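Have a look at the structure below, then the notes.
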Amino acid sequence: MKTRLITSIILVITFVPAFLIGGMVLDIVLWLLTLGATYELHKMYRGMGYQFNSVLLLELIYSSLIFGLFISYSRELLSIEYLFLAMLFVLIVTSSLLVFKDEFKGDNFGQLLVSVFYPAIGFGALIWLRNYGIYHIGFLFIITIMTDVFAYIVGIKFGKHRLAIKISPKKSIEGSIGGTFFALVFTLIYIYVLNFNQLAEIELNIFASIGLIIFISIVGQIGDLIASKLKRGYGIKDFSNLFPGHGGVMDRFDSTIFAAMVILLISKAVELL
């Protein structure tokens with residue numbers, strides 16, 4: 001518990017200023033997290049026999065490319081066609097590995113794409129949201145953090161019915177509901193105090209706010225369960241020990257980047273309508 005608390009303090013001291021400052025500082029911090037997450041996913045897929053290899057190097061280059069182009073697109077520095085072409089390039093080169101690299105199998109193809117696109121777009125979505133302003137990224141973190149904290153507290157106190165016993169035996173339905181409820185309360189207070197009435201392209205009236213907060217809280221929990229199922233499937237407890245007491249990049253940011261991508265999807269859908 002002491003190690004976890006100390007790490008939490010260090011994380012707050014490191015990441016809160018980065019998000020407050022934004023710009024190049026945040027770009028570098030989230031790029032490093034993107035590389036860390038790509039590495040963790042690659043290592044998970046490779047298992048106990050993992051060794052640094054050319055495929056990992058290629059994945060790190062891919063992640064940097066997609067992340068860089070994504071944030072450039074989010075700031076309207078590049079058109080979306082460049083991002084599309086980069087993704088097409090990744091697909092073509094990765095497909096070629098099936099022919100020219102004997103040890104690269106069909107399963108490795110999908111694993112590589114997940115290791116690249118999930119972190120690069122996920123952390124890129126955080127920068128996209130931060131581009132709208134600090135209150136926008138605060139909205140996301142209030143929901144995911146409050147959901148996580150109170151799901152744990154309520155689950156410990158009142159949890160009797162397992163939420164997904166085969167994926168994460170300790171999570172309970174009561175904890176999930178409690179986490180969403182308190183996320184709703186704290187985020188509505190956040191909206192009221194700051195007079196925050198628009199999230200990206202989404203107008204936040206009272207009904208839209210309640211619906212979106214509940215939905216994002218649930219989505220964040222789904223992101224956490226996705227990560228838990230990946231870990232369980234590959235027999236690992238944490239993605240890494242980068243953050244002592246918290247695990248790795250994917251352990252700490254799994255729900256946040258998944259929720260950020262969903263907000264991006266909703267916002268762009270609203271913009272198109």
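Naming scheme: A, B, ... for chains in displayed order of the structure tokens; residues 1 onward per chain; ligands 1 onward as shown.
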Might you pull out every residue within 12 Å of Leu98 of chain A, with only C-alpha atoms counted and same-chain residues fewer than 4 positions away left off, and present them as an MDAnalysis selection string?
chainID A and resid 55 91:94 102:110 112
Please produce a file of those selected residues containing N, CA and C atoms, as a PDB file, in the first residue's frame.
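Printed below is result_39.pdb as written:
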ATOM      1  N   VAL A  55      10.834  -6.987 -34.999  1.00  0.00           N
ATOM      2  CA  VAL A  55       9.396  -6.731 -35.054  1.00  0.00           C
ATOM      3  C   VAL A  55       9.007  -5.674 -34.014  1.00  0.00           C
ATOM      4  N   LEU A  91      -0.444  -1.513 -42.726  1.00  0.00           N
ATOM      5  CA  LEU A  91      -1.114  -2.765 -43.112  1.00  0.00           C
ATOM      6  C   LEU A  91      -0.349  -3.491 -44.218  1.00  0.00           C
ATOM      7  N   ILE A  92       0.127  -2.746 -45.210  1.00  0.00           N
ATOM      8  CA  ILE A  92       0.828  -3.356 -46.348  1.00  0.00           C
ATOM      9  C   ILE A  92       2.172  -3.940 -45.915  1.00  0.00           C
ATOM     10  N   VAL A  93       2.951  -3.157 -45.179  1.00  0.00           N
ATOM     11  CA  VAL A  93       4.271  -3.638 -44.746  1.00  0.00           C
ATOM     12  C   VAL A  93       4.115  -4.822 -43.798  1.00  0.00           C
ATOM     13  N   THR A  94       3.147  -4.746 -42.883  1.00  0.00           N
ATOM     14  CA  THR A  94       2.927  -5.844 -41.935  1.00  0.00           C
ATOM     15  C   THR A  94       2.483  -7.106 -42.658  1.00  0.00           C
ATOM     16  N   ASP A 102       9.765 -15.840 -41.736  1.00  0.00           N
ATOM     17  CA  ASP A 102       9.183 -17.157 -41.475  1.00  0.00           C
ATOM     18  C   ASP A 102       8.526 -17.267 -40.099  1.00  0.00           C
ATOM     19  N   GLU A 103       9.152 -16.665 -39.091  1.00  0.00           N
ATOM     20  CA  GLU A 103       8.624 -16.788 -37.726  1.00  0.00           C
ATOM     21  C   GLU A 103       7.417 -15.885 -37.469  1.00  0.00           C
ATOM     22  N   PHE A 104       7.092 -15.025 -38.447  1.00  0.00           N
ATOM     23  CA  PHE A 104       5.948 -14.118 -38.306  1.00  0.00           C
ATOM     24  C   PHE A 104       4.701 -14.816 -38.840  1.00  0.00           C
ATOM     25  N   LYS A 105       3.811 -15.202 -37.926  1.00  0.00           N
ATOM     26  CA  LYS A 105       2.636 -16.006 -38.266  1.00  0.00           C
ATOM     27  C   LYS A 105       1.374 -15.147 -38.347  1.00  0.00           C
ATOM     28  N   GLY A 106       0.274 -15.790 -38.708  1.00  0.00           N
ATOM     29  CA  GLY A 106      -0.998 -15.089 -38.834  1.00  0.00           C
ATOM     30  C   GLY A 106      -1.426 -14.392 -37.554  1.00  0.00           C
ATOM     31  N   ASP A 107      -1.238 -15.063 -36.407  1.00  0.00           N
ATOM     32  CA  ASP A 107      -1.597 -14.455 -35.127  1.00  0.00           C
ATOM     33  C   ASP A 107      -0.776 -13.197 -34.857  1.00  0.00           C
ATOM     34  N   ASN A 108       0.495 -13.225 -35.266  1.00  0.00           N
ATOM     35  CA  ASN A 108       1.370 -12.079 -35.030  1.00  0.00           C
ATOM     36  C   ASN A 108       0.897 -10.836 -35.784  1.00  0.00           C
ATOM     37  N   PHE A 109       0.232 -11.059 -36.915  1.00  0.00           N
ATOM     38  CA  PHE A 109      -0.275  -9.940 -37.713  1.00  0.00           C
ATOM     39  C   PHE A 109      -1.279  -9.112 -36.899  1.00  0.00           C
ATOM     40  N   GLY A 110      -2.284  -9.792 -36.347  1.00  0.00           N
ATOM     41  CA  GLY A 110      -3.285  -9.100 -35.531  1.00  0.00           C
ATOM     42  C   GLY A 110      -2.692  -8.512 -34.270  1.00  0.00           C
ATOM     43  N   LEU A 112       0.330  -7.422 -33.800  1.00  0.00           N
ATOM     44  CA  LEU A 112       1.103  -6.223 -34.118  1.00  0.00           C
ATOM     45  C   LEU A 112       0.180  -5.018 -34.296  1.00  0.00           C
TER      46      LEU A 112
END
Just the residues within 12 Å of Leu5 of chain A, please, counting only C-alpha atoms, with nothing from its chain fewer than 4 positions along; format it as a PyMOL selection string.
chain A and resi 1+9-12+243-246
Restricting the output to N, CA and C atoms, write the selected residues as a PDB file, in the first residue's frame.
ATOM      1  N   MET A   1       0.827  -1.209   0.000  1.00  0.00           N
ATOM      2  CA  MET A   1       0.000   0.000   0.000  1.00  0.00           C
ATOM      3  C   MET A   1       0.866   1.267   0.000  1.00  0.00           C
ATOM      4  N   ILE A   9       1.609   9.491  -5.901  1.00  0.00           N
ATOM      5  CA  ILE A   9       2.057  10.879  -5.726  1.00  0.00           C
ATOM      6  C   ILE A   9       2.995  11.287  -6.859  1.00  0.00           C
ATOM      7  N   ILE A  10       3.903  10.390  -7.210  1.00  0.00           N
ATOM      8  CA  ILE A  10       4.845  10.670  -8.301  1.00  0.00           C
ATOM      9  C   ILE A  10       4.097  10.828  -9.626  1.00  0.00           C
ATOM     10  N   LEU A  11       3.104   9.982  -9.855  1.00  0.00           N
ATOM     11  CA  LEU A  11       2.317  10.075 -11.086  1.00  0.00           C
ATOM     12  C   LEU A  11       1.581  11.406 -11.168  1.00  0.00           C
ATOM     13  N   VAL A  12       1.004  11.829 -10.058  1.00  0.00           N
ATOM     14  CA  VAL A  12       0.286  13.108 -10.026  1.00  0.00           C
ATOM     15  C   VAL A  12       1.246  14.261 -10.301  1.00  0.00           C
ATOM     16  N   PHE A 243       5.323   1.233 -13.055  1.00  0.00           N
ATOM     17  CA  PHE A 243       4.799   2.037 -11.943  1.00  0.00           C
ATOM     18  C   PHE A 243       4.563   1.110 -10.752  1.00  0.00           C
ATOM     19  N   PRO A 244       5.531   0.984  -9.835  1.00  0.00           N
ATOM     20  CA  PRO A 244       5.409   0.041  -8.715  1.00  0.00           C
ATOM     21  C   PRO A 244       4.088   0.204  -7.953  1.00  0.00           C
ATOM     22  N   GLY A 245       3.414  -0.915  -7.763  1.00  0.00           N
ATOM     23  CA  GLY A 245       2.132  -0.892  -7.078  1.00  0.00           C
ATOM     24  C   GLY A 245       0.966  -0.651  -8.001  1.00  0.00           C
ATOM     25  N   HIS A 246       1.241  -0.189  -9.209  1.00  0.00           N
ATOM     26  CA  HIS A 246       0.186   0.104 -10.187  1.00  0.00           C
ATOM     27  C   HIS A 246       0.312  -0.733 -11.455  1.00  0.00           C
TER      28      HIS A 246
END
Pick out each residue of segment 52-245 of chain A that DSSP on the backbone tags as helix (DSSP H, G or I); I need them as an MDAnalysis selection string.
chainID A and resid 54:74 80:100 106:131 134:158 173:194 206:233
Closest of A:Ser172, A:Ile142, A:Lys166, A:Gln111 to Arg46 of chain A - atom-to-atom distances counting only C-alpha atoms:
A:Gln111
Go through segment 124-181 of chain A residue by residue and, counting only C-alpha atoms, keep those with an atom at most 7 Å from segment 210-226 of chain A; for each kept residue give the shortest atom pair and its distance in Å to one decimal, ordered by chain and increasing number, as CSV.
residue,atom,partner,partner_atom,distance
A:Ile143,CA,A:Ser217,CA,6.0
A:Thr144,CA,A:Gly220,CA,6.2
A:Thr147,CA,A:Ser217,CA,6.3
A:Ile167,CA,A:Leu225,CA,6.9
A:Thr180,CA,A:Ser217,CA,5.6
Same residues, N, CA and C atoms, output as a short mmCIF file (atom, residue, chain, number, x, y, z; two decimals), in the first residue's frame:
data_model
loop_
_atom_site.label_atom_id
_atom_site.label_comp_id
_atom_site.auth_asym_id
_atom_site.auth_seq_id
_atom_site.Cartn_x
_atom_site.Cartn_y
_atom_site.Cartn_z
N ILE A 143 -14.32 11.41 -14.53
CA ILE A 143 -15.17 10.23 -14.68
C ILE A 143 -14.38 8.95 -14.43
N THR A 144 -13.23 8.79 -15.10
CA THR A 144 -12.50 7.53 -15.00
C THR A 144 -11.89 7.33 -13.62
N THR A 147 -14.76 6.74 -11.03
CA THR A 147 -15.31 5.40 -11.25
C THR A 147 -14.39 4.34 -10.65
N ILE A 167 -13.05 -12.98 -15.80
CA ILE A 167 -12.08 -11.99 -16.26
C ILE A 167 -11.37 -11.32 -15.09
N THR A 180 -19.97 4.22 -10.93
CA THR A 180 -20.67 5.05 -11.92
C THR A 180 -21.49 6.14 -11.22
#
I want to know what sits within 10 Å of Tyr62 of chain A, based on only C-alpha atoms, with residues of the same chain fewer than 5 positions away left out; could you give that as a list in words?
Leu35, Thr38, Leu56, Leu57, Phe67, Gly68, Ala86, Met87, Phe89, Val90, Leu112, Leu113, Ser115, Val116, Phe117 and Ala120 of chain A
Residues as selected, N, CA and C atoms, written as a PDB file, in the first residue's frame, can you do that?
ATOM      1  N   LEU A  35       4.870   4.502 -26.566  1.00  0.00           N
ATOM      2  CA  LEU A  35       5.941   3.528 -26.786  1.00  0.00           C
ATOM      3  C   LEU A  35       5.947   2.474 -25.677  1.00  0.00           C
ATOM      4  N   THR A  38       3.037   0.075 -26.254  1.00  0.00           N
ATOM      5  CA  THR A  38       3.335  -0.804 -27.394  1.00  0.00           C
ATOM      6  C   THR A  38       4.303  -1.905 -26.977  1.00  0.00           C
ATOM      7  N   LEU A  56       9.563  -5.770 -32.801  1.00  0.00           N
ATOM      8  CA  LEU A  56       9.294  -4.765 -31.774  1.00  0.00           C
ATOM      9  C   LEU A  56       9.786  -3.398 -32.239  1.00  0.00           C
ATOM     10  N   LEU A  57      10.974  -3.350 -32.825  1.00  0.00           N
ATOM     11  CA  LEU A  57      11.504  -2.085 -33.322  1.00  0.00           C
ATOM     12  C   LEU A  57      10.565  -1.480 -34.360  1.00  0.00           C
ATOM     13  N   PHE A  67       0.992   7.964 -34.018  1.00  0.00           N
ATOM     14  CA  PHE A  67       0.762   8.937 -32.953  1.00  0.00           C
ATOM     15  C   PHE A  67       1.056  10.353 -33.453  1.00  0.00           C
ATOM     16  N   GLY A  68       2.198  10.525 -34.113  1.00  0.00           N
ATOM     17  CA  GLY A  68       2.575  11.842 -34.603  1.00  0.00           C
ATOM     18  C   GLY A  68       1.600  12.395 -35.615  1.00  0.00           C
ATOM     19  N   ALA A  86      -0.888   6.463 -43.827  1.00  0.00           N
ATOM     20  CA  ALA A  86       0.046   5.850 -42.878  1.00  0.00           C
ATOM     21  C   ALA A  86      -0.494   4.516 -42.380  1.00  0.00           C
ATOM     22  N   MET A  87      -1.781   4.470 -42.070  1.00  0.00           N
ATOM     23  CA  MET A  87      -2.384   3.212 -41.623  1.00  0.00           C
ATOM     24  C   MET A  87      -2.346   2.165 -42.741  1.00  0.00           C
ATOM     25  N   PHE A  89      -0.116   2.055 -45.091  1.00  0.00           N
ATOM     26  CA  PHE A  89       1.293   1.664 -45.170  1.00  0.00           C
ATOM     27  C   PHE A  89       1.619   0.594 -44.133  1.00  0.00           C
ATOM     28  N   VAL A  90       1.142   0.799 -42.904  1.00  0.00           N
ATOM     29  CA  VAL A  90       1.368  -0.179 -41.836  1.00  0.00           C
ATOM     30  C   VAL A  90       0.763  -1.528 -42.201  1.00  0.00           C
ATOM     31  N   LEU A 112       0.330  -7.422 -33.800  1.00  0.00           N
ATOM     32  CA  LEU A 112       1.103  -6.223 -34.118  1.00  0.00           C
ATOM     33  C   LEU A 112       0.180  -5.018 -34.296  1.00  0.00           C
ATOM     34  N   LEU A 113      -0.927  -5.210 -34.995  1.00  0.00           N
ATOM     35  CA  LEU A 113      -1.849  -4.097 -35.227  1.00  0.00           C
ATOM     36  C   LEU A 113      -2.443  -3.580 -33.916  1.00  0.00           C
ATOM     37  N   SER A 115      -1.017  -3.840 -30.946  1.00  0.00           N
ATOM     38  CA  SER A 115       0.090  -3.216 -30.206  1.00  0.00           C
ATOM     39  C   SER A 115       0.413  -1.819 -30.710  1.00  0.00           C
ATOM     40  N   VAL A 116       0.127  -1.570 -31.977  1.00  0.00           N
ATOM     41  CA  VAL A 116       0.426  -0.267 -32.579  1.00  0.00           C
ATOM     42  C   VAL A 116      -0.765   0.689 -32.477  1.00  0.00           C
ATOM     43  N   PHE A 117      -1.907   0.273 -32.993  1.00  0.00           N
ATOM     44  CA  PHE A 117      -3.044   1.184 -33.127  1.00  0.00           C
ATOM     45  C   PHE A 117      -3.710   1.524 -31.793  1.00  0.00           C
ATOM     46  N   ALA A 120      -1.378   4.105 -29.843  1.00  0.00           N
ATOM     47  CA  ALA A 120      -1.142   5.334 -30.612  1.00  0.00           C
ATOM     48  C   ALA A 120      -2.410   6.164 -30.750  1.00  0.00           C
TER      49      ALA A 120
END
I'd like the neighbourhood of Tyr234 of chain A as JSON, numbers by chain, where a residue qualifies if any of its atoms comes within 9 Å (using only C-alpha atoms), though same-chain residues fewer than 4 positions away should be ignored.
{"A": [44, 45, 47, 229, 230]}
Could those selected residues go to a file with C-alpha atoms, as a short mmCIF file (atom, residue, chain, number, x, y, z; two decimals), in the first residue's frame?
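That gives us again-v9.cif:
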data_model
loop_
_atom_site.label_atom_id
_atom_site.label_comp_id
_atom_site.auth_asym_id
_atom_site.auth_seq_id
_atom_site.Cartn_x
_atom_site.Cartn_y
_atom_site.Cartn_z
CA MET A 44 2.67 -9.87 -23.43
CA TYR A 45 2.06 -11.54 -26.79
CA GLY A 47 5.36 -14.51 -23.44
CA LYS A 229 -8.97 -10.34 -20.16
CA LEU A 230 -5.81 -9.84 -22.20
#
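With only C-alpha atoms as the atoms that count, the residue of A:Ile137, A:Ala37, A:Leu32, A:Ile153 with the shortest distance to Leu20 of chain A is A:Ile137.
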